[in-house]
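Scroll down for the structure; my scribbles are underneath it.
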Amino acid sequence: MTVTRERLRLANHAGVSGTTVQGWRAFFFGLPFVAAWLIIRLGMTGVIEGVKPSSGIPPLLVNSCAWMFGMAGFYLCVLGIEGVLRGRRHRAVSATHPDTPWLADHDWNRSAVSDDTWRHVRRAFFGMAIFTSILGPLGYLAFFHTERFLLFQIVSSVFGLVWIFATWHTAALCLRALRFGSGRAHFREFPYFLGERMRATIELPTDVRALDRLEITLRSVSEEYEVSGTDDNRTERVVCYQTFGETRVFETPEDLQPTGGGRHLEVDFDLPPDGEPTALQSRPARFWELELKGERRGLNLHSVFMLPVYAKVSPRGSASRALTPEPGAPAPASPPESGTQSPQEAEA
């Protein structure tokens with residue numbers, strides 16, 4: 001067992017925010033991209049006579065540029081509207097349930113949460129679509145235009161190698177999702193409180209006894225908006241940092257005594273009393289997750305579950321906790337204020 005309380009940067013870690021631009025700012029920032037897509041499309045169809053591509057430019061190249069702007073614009077607009085609605089819901093629920101902040105923080109399912117397998121697949125496909133729409137016009141200018149520039153050819157070749165790696169990565173995610181499917185984490189309590197014990201039953205998509213090695217990590221993740229460059233070249237991006245982590249490695253996974261044909265695994269961790277509570281409604285966000293990495297011949301298992309970990313605010317709030325039975329046992333009725341979405345489903 002390894003416990004880490006140092007602040008560690010998590011490279012290529014999937015966060016919650018998606019982008020540093022949120023709310024109405026994201027919506028209005030995306031409108032010019034949507035307008036560019038609309039103008040180009042109307043010009044291509046002849047609706048706007050004054051907007052037509054020059055002769056010799058293939059329609060496929062123009063359409064690629066249009067959809068590059070369109071996908072980016074629609075994504076920002078949808079993200080902005082979602083952020084505004086999320087903020088309104090948070091304020092309304094916080095006013096009526098001040099002792100239970102987890103109700104305002106997210107529309108949790110009180111009994112279980114699915115892993116982020118299919119969320120990663122959707123994000124990979126969206127990223128590939130954006131990257132392909134950029135690489136297409138660049139490749140045309142580099143190798144098929146009448147005036148070919150060496151700089152374009154070099155940049156296009158480098159981007160082509162990145163595109164090949166991204167394609168391989170997306171294919172691997174799809175194969176893993178199709179091979180294993182999605183797992184679920186069944187909560188023994190809802191929510192979990194800092195300073196107490198986190199107990200859950202993991203419903204794995206594969207038999208744990210078929211794994212050669214299993215690594216289970218409980219971590220607290222804090223997002224940050226990092227700025228790079230200066231003036232006109234200044235950019236912001238979302239970066240995830242681990243503020244607390246505990247890892248357990250099992251070289252012989254069958255020693256964990258799984259149930260349900262080797263697909264149900266009991267896990268428990270002590271939550272630090274000085275840890276940071278979940279704040280999914282915040283931007284940048286904070287959250288807790290349980291990660292499982294299983295090694296086997298061929299495709300490896302990788303599942304990440306978001307956990308409802310909060311600070312105990314009052315005896316009244318702690319009294320509203322819900323205990324959940326083992327998988328397969330009758331589940332208690334959910335209170336009216338609870339939701340049914342997992343954090344991954346809501347963010348996808």
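Every chain in the structure tokens takes a letter, A first, then B, and so on in the order presented; its residues are numbered from 1, and the ligands are numbered from 1 following the presented order.
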
Using DSSP on the backbone coordinates, identify all residues within segment 54-287 of chain A classified as helix (DSSP H, G or I); present the result as number ranges by chain.
A: 59-96, 101-105, 117-143, 150-180, 208-210, 231-233, 253-256

I'd like the neighbourhood of segment 201-212 of chain A as a PDB file with all heavy atoms, in the first residue's frame, where a residue qualifies if any of its atoms comes within 6 Å (using only C-alpha atoms), though same-chain residues fewer than 5 positions away should be ignored.
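Heads up, here's the output in result.pdb:
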ATOM      1  N   PHE A 180     -14.513  -5.401 -22.735  1.00  0.00           N
ATOM      2  CA  PHE A 180     -14.840  -5.488 -21.319  1.00  0.00           C
ATOM      3  C   PHE A 180     -16.219  -4.905 -20.987  1.00  0.00           C
ATOM      4  O   PHE A 180     -16.857  -5.328 -20.033  1.00  0.00           O
ATOM      5  CB  PHE A 180     -13.786  -4.766 -20.484  1.00  0.00           C
ATOM      6  CG  PHE A 180     -12.424  -5.405 -20.548  1.00  0.00           C
ATOM      7  CD1 PHE A 180     -11.353  -4.753 -21.132  1.00  0.00           C
ATOM      8  CD2 PHE A 180     -12.216  -6.664 -20.023  1.00  0.00           C
ATOM      9  CE1 PHE A 180     -10.099  -5.336 -21.186  1.00  0.00           C
ATOM     10  CE2 PHE A 180     -10.967  -7.264 -20.070  1.00  0.00           C
ATOM     11  CZ  PHE A 180      -9.906  -6.587 -20.656  1.00  0.00           C
ATOM     12  N   GLY A 181     -16.641  -3.887 -21.728  1.00  0.00           N
ATOM     13  CA  GLY A 181     -17.874  -3.211 -21.360  1.00  0.00           C
ATOM     14  C   GLY A 181     -17.628  -2.220 -20.238  1.00  0.00           C
ATOM     15  O   GLY A 181     -16.502  -1.774 -20.008  1.00  0.00           O
ATOM     16  N   SER A 182     -18.693  -1.883 -19.515  1.00  0.00           N
ATOM     17  CA  SER A 182     -18.615  -0.871 -18.461  1.00  0.00           C
ATOM     18  C   SER A 182     -18.874  -1.501 -17.100  1.00  0.00           C
ATOM     19  O   SER A 182     -19.762  -2.339 -16.955  1.00  0.00           O
ATOM     20  CB  SER A 182     -19.634   0.247 -18.730  1.00  0.00           C
ATOM     21  OG  SER A 182     -19.572   1.228 -17.727  1.00  0.00           O
ATOM     22  N   GLY A 183     -18.097  -1.102 -16.101  1.00  0.00           N
ATOM     23  CA  GLY A 183     -18.286  -1.577 -14.742  1.00  0.00           C
ATOM     24  C   GLY A 183     -19.105  -0.591 -13.920  1.00  0.00           C
ATOM     25  O   GLY A 183     -19.397   0.532 -14.360  1.00  0.00           O
ATOM     26  N   ARG A 184     -19.494  -1.013 -12.710  1.00  0.00           N
ATOM     27  CA  ARG A 184     -20.270  -0.159 -11.813  1.00  0.00           C
ATOM     28  C   ARG A 184     -19.727  -0.274 -10.394  1.00  0.00           C
ATOM     29  O   ARG A 184     -19.297  -1.356  -9.980  1.00  0.00           O
ATOM     30  CB  ARG A 184     -21.759  -0.523 -11.833  1.00  0.00           C
ATOM     31  CG  ARG A 184     -22.469  -0.111 -13.094  1.00  0.00           C
ATOM     32  CD  ARG A 184     -23.924  -0.525 -13.083  1.00  0.00           C
ATOM     33  NE  ARG A 184     -24.713   0.190 -12.091  1.00  0.00           N
ATOM     34  CZ  ARG A 184     -25.202   1.420 -12.260  1.00  0.00           C
ATOM     35  NH1 ARG A 184     -24.952   2.059 -13.394  1.00  0.00           N
ATOM     36  NH2 ARG A 184     -25.927   1.994 -11.332  1.00  0.00           N
ATOM     37  N   ALA A 185     -19.764   0.845  -9.704  1.00  0.00           N
ATOM     38  CA  ALA A 185     -19.392   0.884  -8.291  1.00  0.00           C
ATOM     39  C   ALA A 185     -20.654   1.090  -7.473  1.00  0.00           C
ATOM     40  O   ALA A 185     -21.347   2.105  -7.622  1.00  0.00           O
ATOM     41  CB  ALA A 185     -18.403   2.009  -8.026  1.00  0.00           C
ATOM     42  N   HIS A 186     -20.989   0.111  -6.623  1.00  0.00           N
ATOM     43  CA  HIS A 186     -22.180   0.175  -5.778  1.00  0.00           C
ATOM     44  C   HIS A 186     -21.789   0.754  -4.415  1.00  0.00           C
ATOM     45  O   HIS A 186     -20.942   0.197  -3.711  1.00  0.00           O
ATOM     46  CB  HIS A 186     -22.790  -1.216  -5.612  1.00  0.00           C
ATOM     47  CG  HIS A 186     -23.261  -1.823  -6.905  1.00  0.00           C
ATOM     48  ND1 HIS A 186     -24.556  -1.707  -7.356  1.00  0.00           N
ATOM     49  CD2 HIS A 186     -22.584  -2.534  -7.843  1.00  0.00           C
ATOM     50  CE1 HIS A 186     -24.673  -2.328  -8.518  1.00  0.00           C
ATOM     51  NE2 HIS A 186     -23.494  -2.844  -8.835  1.00  0.00           N
ATOM     52  N   PRO A 253      -4.614 -11.359  -8.015  1.00  0.00           N
ATOM     53  CA  PRO A 253      -5.953 -10.802  -7.767  1.00  0.00           C
ATOM     54  C   PRO A 253      -6.945 -11.787  -7.171  1.00  0.00           C
ATOM     55  O   PRO A 253      -7.871 -11.374  -6.479  1.00  0.00           O
ATOM     56  CB  PRO A 253      -6.394 -10.348  -9.169  1.00  0.00           C
ATOM     57  CG  PRO A 253      -5.113 -10.111  -9.911  1.00  0.00           C
ATOM     58  CD  PRO A 253      -4.182 -11.159  -9.396  1.00  0.00           C
ATOM     59  N   GLU A 254      -6.766 -13.115  -7.413  1.00  0.00           N
ATOM     60  CA  GLU A 254      -7.750 -14.054  -6.862  1.00  0.00           C
ATOM     61  C   GLU A 254      -7.715 -14.096  -5.342  1.00  0.00           C
ATOM     62  O   GLU A 254      -8.665 -14.559  -4.699  1.00  0.00           O
ATOM     63  CB  GLU A 254      -7.524 -15.460  -7.418  1.00  0.00           C
ATOM     64  CG  GLU A 254      -6.156 -16.044  -7.138  1.00  0.00           C
ATOM     65  CD  GLU A 254      -5.196 -15.805  -8.280  1.00  0.00           C
ATOM     66  OE1 GLU A 254      -5.425 -14.866  -9.051  1.00  0.00           O
ATOM     67  OE2 GLU A 254      -4.215 -16.567  -8.401  1.00  0.00           O
ATOM     68  N   GLY A 262     -16.490 -13.973  -9.770  1.00  0.00           N
ATOM     69  CA  GLY A 262     -15.238 -13.225  -9.894  1.00  0.00           C
ATOM     70  C   GLY A 262     -15.418 -11.799 -10.365  1.00  0.00           C
ATOM     71  O   GLY A 262     -14.436 -11.095 -10.605  1.00  0.00           O
ATOM     72  N   ARG A 263     -16.667 -11.324 -10.456  1.00  0.00           N
ATOM     73  CA  ARG A 263     -16.924  -9.992 -10.996  1.00  0.00           C
ATOM     74  C   ARG A 263     -17.310  -8.965  -9.931  1.00  0.00           C
ATOM     75  O   ARG A 263     -17.444  -7.787 -10.253  1.00  0.00           O
ATOM     76  CB  ARG A 263     -18.027 -10.058 -12.057  1.00  0.00           C
ATOM     77  CG  ARG A 263     -17.630 -10.860 -13.293  1.00  0.00           C
ATOM     78  CD  ARG A 263     -18.781 -10.966 -14.276  1.00  0.00           C
ATOM     79  NE  ARG A 263     -18.408 -11.744 -15.450  1.00  0.00           N
ATOM     80  CZ  ARG A 263     -17.898 -11.226 -16.568  1.00  0.00           C
ATOM     81  NH1 ARG A 263     -17.722  -9.933 -16.649  1.00  0.00           N
ATOM     82  NH2 ARG A 263     -17.576 -12.000 -17.574  1.00  0.00           N
ATOM     83  N   HIS A 264     -17.504  -9.377  -8.697  1.00  0.00           N
ATOM     84  CA  HIS A 264     -17.837  -8.455  -7.615  1.00  0.00           C
ATOM     85  C   HIS A 264     -16.665  -8.387  -6.646  1.00  0.00           C
ATOM     86  O   HIS A 264     -16.215  -9.414  -6.132  1.00  0.00           O
ATOM     87  CB  HIS A 264     -19.104  -8.897  -6.882  1.00  0.00           C
ATOM     88  CG  HIS A 264     -20.341  -8.773  -7.724  1.00  0.00           C
ATOM     89  ND1 HIS A 264     -21.532  -9.397  -7.411  1.00  0.00           N
ATOM     90  CD2 HIS A 264     -20.569  -8.098  -8.873  1.00  0.00           C
ATOM     91  CE1 HIS A 264     -22.430  -9.104  -8.333  1.00  0.00           C
ATOM     92  NE2 HIS A 264     -21.869  -8.324  -9.224  1.00  0.00           N
ATOM     93  N   LEU A 265     -16.199  -7.187  -6.402  1.00  0.00           N
ATOM     94  CA  LEU A 265     -15.012  -6.988  -5.583  1.00  0.00           C
ATOM     95  C   LEU A 265     -15.308  -5.959  -4.497  1.00  0.00           C
ATOM     96  O   LEU A 265     -15.774  -4.854  -4.783  1.00  0.00           O
ATOM     97  CB  LEU A 265     -13.852  -6.503  -6.461  1.00  0.00           C
ATOM     98  CG  LEU A 265     -12.473  -6.421  -5.816  1.00  0.00           C
ATOM     99  CD1 LEU A 265     -11.995  -7.801  -5.414  1.00  0.00           C
ATOM    100  CD2 LEU A 265     -11.492  -5.777  -6.779  1.00  0.00           C
ATOM    101  N   GLU A 266     -15.047  -6.325  -3.240  1.00  0.00           N
ATOM    102  CA  GLU A 266     -15.253  -5.414  -2.118  1.00  0.00           C
ATOM    103  C   GLU A 266     -13.996  -4.574  -1.904  1.00  0.00           C
ATOM    104  O   GLU A 266     -12.884  -5.106  -1.819  1.00  0.00           O
ATOM    105  CB  GLU A 266     -15.574  -6.191  -0.839  1.00  0.00           C
ATOM    106  CG  GLU A 266     -16.835  -7.024  -0.902  1.00  0.00           C
ATOM    107  CD  GLU A 266     -18.092  -6.186  -0.982  1.00  0.00           C
ATOM    108  OE1 GLU A 266     -18.048  -5.022  -0.507  1.00  0.00           O
ATOM    109  OE2 GLU A 266     -19.096  -6.668  -1.527  1.00  0.00           O
ATOM    110  N   GLU A 295      -3.951  -5.883 -15.396  1.00  0.00           N
ATOM    111  CA  GLU A 295      -3.070  -6.332 -16.473  1.00  0.00           C
ATOM    112  C   GLU A 295      -3.387  -7.773 -16.849  1.00  0.00           C
ATOM    113  O   GLU A 295      -3.628  -8.617 -15.983  1.00  0.00           O
ATOM    114  CB  GLU A 295      -1.610  -6.208 -16.052  1.00  0.00           C
ATOM    115  CG  GLU A 295      -1.153  -4.793 -15.774  1.00  0.00           C
ATOM    116  CD  GLU A 295       0.316  -4.736 -15.391  1.00  0.00           C
ATOM    117  OE1 GLU A 295       0.967  -5.816 -15.397  1.00  0.00           O
ATOM    118  OE2 GLU A 295       0.810  -3.638 -15.084  1.00  0.00           O
ATOM    119  N   ARG A 296      -3.417  -8.035 -18.147  1.00  0.00           N
ATOM    120  CA  ARG A 296      -3.633  -9.380 -18.666  1.00  0.00           C
ATOM    121  C   ARG A 296      -3.090  -9.421 -20.087  1.00  0.00           C
ATOM    122  O   ARG A 296      -2.753  -8.387 -20.672  1.00  0.00           O
ATOM    123  CB  ARG A 296      -5.118  -9.749 -18.665  1.00  0.00           C
ATOM    124  CG  ARG A 296      -6.000  -8.807 -19.461  1.00  0.00           C
ATOM    125  CD  ARG A 296      -7.425  -9.290 -19.519  1.00  0.00           C
ATOM    126  NE  ARG A 296      -7.533 -10.575 -20.175  1.00  0.00           N
ATOM    127  CZ  ARG A 296      -8.672 -11.258 -20.269  1.00  0.00           C
ATOM    128  NH1 ARG A 296      -9.777 -10.777 -19.727  1.00  0.00           N
ATOM    129  NH2 ARG A 296      -8.713 -12.411 -20.887  1.00  0.00           N
TER     130      ARG A 296
END

Nearest candidate to Pro59 of chain A (options A:Ala177, A:Met44, A:Val158, A:Val221; using only C-alpha atoms)
A:Met44

Can you tell me which residues surround Val155 of chain A at a distance of at most 12 Å, considering only C-alpha atoms, apart from same-chain residues fewer than 4 positions away, and format the answer as a PyMOL selection string?
chain A and resi 134-135+138-139+141-143+149-151+159-162

Those residues with N, CA, C and O atoms, as a PDB file, in the first residue's frame please?
ATOM      1  N   ILE A 134      -8.839  19.592 -39.193  1.00  0.00           N
ATOM      2  CA  ILE A 134      -7.704  20.508 -39.296  1.00  0.00           C
ATOM      3  C   ILE A 134      -6.628  19.949 -40.215  1.00  0.00           C
ATOM      4  O   ILE A 134      -6.049  20.661 -41.051  1.00  0.00           O
ATOM      5  N   LEU A 135      -6.365  18.652 -40.095  1.00  0.00           N
ATOM      6  CA  LEU A 135      -5.294  18.037 -40.881  1.00  0.00           C
ATOM      7  C   LEU A 135      -5.649  17.959 -42.363  1.00  0.00           C
ATOM      8  O   LEU A 135      -4.763  18.046 -43.218  1.00  0.00           O
ATOM      9  N   LEU A 138      -4.836  21.250 -44.199  1.00  0.00           N
ATOM     10  CA  LEU A 138      -3.387  21.441 -44.143  1.00  0.00           C
ATOM     11  C   LEU A 138      -2.670  20.488 -45.088  1.00  0.00           C
ATOM     12  O   LEU A 138      -1.715  20.866 -45.785  1.00  0.00           O
ATOM     13  N   GLY A 139      -3.108  19.238 -45.133  1.00  0.00           N
ATOM     14  CA  GLY A 139      -2.509  18.274 -46.059  1.00  0.00           C
ATOM     15  C   GLY A 139      -2.732  18.638 -47.508  1.00  0.00           C
ATOM     16  O   GLY A 139      -1.845  18.432 -48.361  1.00  0.00           O
ATOM     17  N   LEU A 141      -3.080  21.760 -48.745  1.00  0.00           N
ATOM     18  CA  LEU A 141      -2.183  22.865 -49.059  1.00  0.00           C
ATOM     19  C   LEU A 141      -0.734  22.406 -49.163  1.00  0.00           C
ATOM     20  O   LEU A 141       0.054  22.987 -49.911  1.00  0.00           O
ATOM     21  N   ALA A 142      -0.371  21.370 -48.426  1.00  0.00           N
ATOM     22  CA  ALA A 142       1.022  20.920 -48.410  1.00  0.00           C
ATOM     23  C   ALA A 142       1.380  20.077 -49.629  1.00  0.00           C
ATOM     24  O   ALA A 142       2.500  20.202 -50.164  1.00  0.00           O
ATOM     25  N   PHE A 143       0.445  19.232 -50.111  1.00  0.00           N
ATOM     26  CA  PHE A 143       0.824  18.247 -51.122  1.00  0.00           C
ATOM     27  C   PHE A 143       0.011  18.303 -52.409  1.00  0.00           C
ATOM     28  O   PHE A 143       0.437  17.747 -53.426  1.00  0.00           O
ATOM     29  N   PHE A 149       4.347  24.529 -50.359  1.00  0.00           N
ATOM     30  CA  PHE A 149       5.362  25.128 -49.492  1.00  0.00           C
ATOM     31  C   PHE A 149       5.982  24.043 -48.619  1.00  0.00           C
ATOM     32  O   PHE A 149       5.278  23.197 -48.061  1.00  0.00           O
ATOM     33  N   LEU A 150       7.310  24.085 -48.515  1.00  0.00           N
ATOM     34  CA  LEU A 150       8.029  23.082 -47.737  1.00  0.00           C
ATOM     35  C   LEU A 150       7.615  23.107 -46.276  1.00  0.00           C
ATOM     36  O   LEU A 150       7.497  22.050 -45.639  1.00  0.00           O
ATOM     37  N   LEU A 151       7.367  24.308 -45.728  1.00  0.00           N
ATOM     38  CA  LEU A 151       6.982  24.410 -44.321  1.00  0.00           C
ATOM     39  C   LEU A 151       5.660  23.688 -44.079  1.00  0.00           C
ATOM     40  O   LEU A 151       5.520  22.952 -43.096  1.00  0.00           O
ATOM     41  N   PHE A 159       2.018  16.391 -38.152  1.00  0.00           N
ATOM     42  CA  PHE A 159       0.638  16.215 -37.713  1.00  0.00           C
ATOM     43  C   PHE A 159       0.081  14.871 -38.163  1.00  0.00           C
ATOM     44  O   PHE A 159      -0.753  14.270 -37.480  1.00  0.00           O
ATOM     45  N   GLY A 160       0.552  14.399 -39.329  1.00  0.00           N
ATOM     46  CA  GLY A 160       0.106  13.096 -39.798  1.00  0.00           C
ATOM     47  C   GLY A 160       0.536  11.971 -38.876  1.00  0.00           C
ATOM     48  O   GLY A 160      -0.229  11.028 -38.618  1.00  0.00           O
ATOM     49  N   LEU A 161       1.764  12.062 -38.362  1.00  0.00           N
ATOM     50  CA  LEU A 161       2.232  11.050 -37.414  1.00  0.00           C
ATOM     51  C   LEU A 161       1.423  11.101 -36.117  1.00  0.00           C
ATOM     52  O   LEU A 161       1.081  10.061 -35.541  1.00  0.00           O
ATOM     53  N   VAL A 162       1.100  12.327 -35.673  1.00  0.00           N
ATOM     54  CA  VAL A 162       0.258  12.465 -34.479  1.00  0.00           C
ATOM     55  C   VAL A 162      -1.132  11.880 -34.743  1.00  0.00           C
ATOM     56  O   VAL A 162      -1.724  11.227 -33.868  1.00  0.00           O
TER      57      VAL A 162
END

Rank A:Leu271, A:Ala11, A:Phe165, A:Leu173 by their smallest atom-to-atom distance to Leu299 of chain A, using only C-alpha atoms, and report the top residue only.
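Among A:Leu271, A:Ala11, A:Phe165, A:Leu173, it is A:Leu173 that comes nearest to Leu299 of chain A.
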
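Across the model, the gap from atom CA of Asn12 of chain A to atom CA of Val78 of chain A is 23.4 Å.
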
Would you please work out which residue, of A:Asp270, A:Leu76, A:Arg213, A:Tyr241, is nearest to Leu292 of chain A when using only C-alpha atoms?
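For Leu292 of chain A, the nearest of the candidates is A:Arg213.
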
Just checking: using only C-alpha atoms, which residue out of A:Leu178, A:Val238, A:Ala95, A:Ala35 ends up closest to Val21 of chain A?
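Checking each of A:Leu178, A:Val238, A:Ala95, A:Ala35 against Val21 of chain A, counting only C-alpha atoms, the winner is A:Val238.
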
Just list the residues in segment 31-199 of chain A DSSP gives strand (DSSP E) on the backbone, as a list of chain:residue names.
A:Ala112, A:Val113, A:Ser114, A:Arg184, A:Ala185, A:His186, A:Phe187, A:Glu189, A:Phe190, A:Tyr192, A:Phe193, A:Arg197, A:Met198, A:Arg199

Shell of 9 Å around Phe125 of chain A, only C-alpha atoms, local chain residues under 5 positions omitted, as a VMD selection string
chain A and resid 120 130 170

Could you take the residues named above and write them with N, CA and C atoms, as a PDB file, in the first residue's frame?
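Result written to part_1.pdb:
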ATOM      1  N   HIS A 120     -14.815   8.118 -22.379  1.00  0.00           N
ATOM      2  CA  HIS A 120     -13.520   8.263 -23.035  1.00  0.00           C
ATOM      3  C   HIS A 120     -13.637   7.978 -24.532  1.00  0.00           C
ATOM      4  N   ILE A 130     -12.275  16.636 -34.799  1.00  0.00           N
ATOM      5  CA  ILE A 130     -11.696  17.978 -34.843  1.00  0.00           C
ATOM      6  C   ILE A 130     -10.310  17.944 -35.477  1.00  0.00           C
ATOM      7  N   THR A 170      -7.535   5.781 -30.216  1.00  0.00           N
ATOM      8  CA  THR A 170      -8.998   5.701 -30.277  1.00  0.00           C
ATOM      9  C   THR A 170      -9.451   4.273 -30.541  1.00  0.00           C
TER      10      THR A 170
END
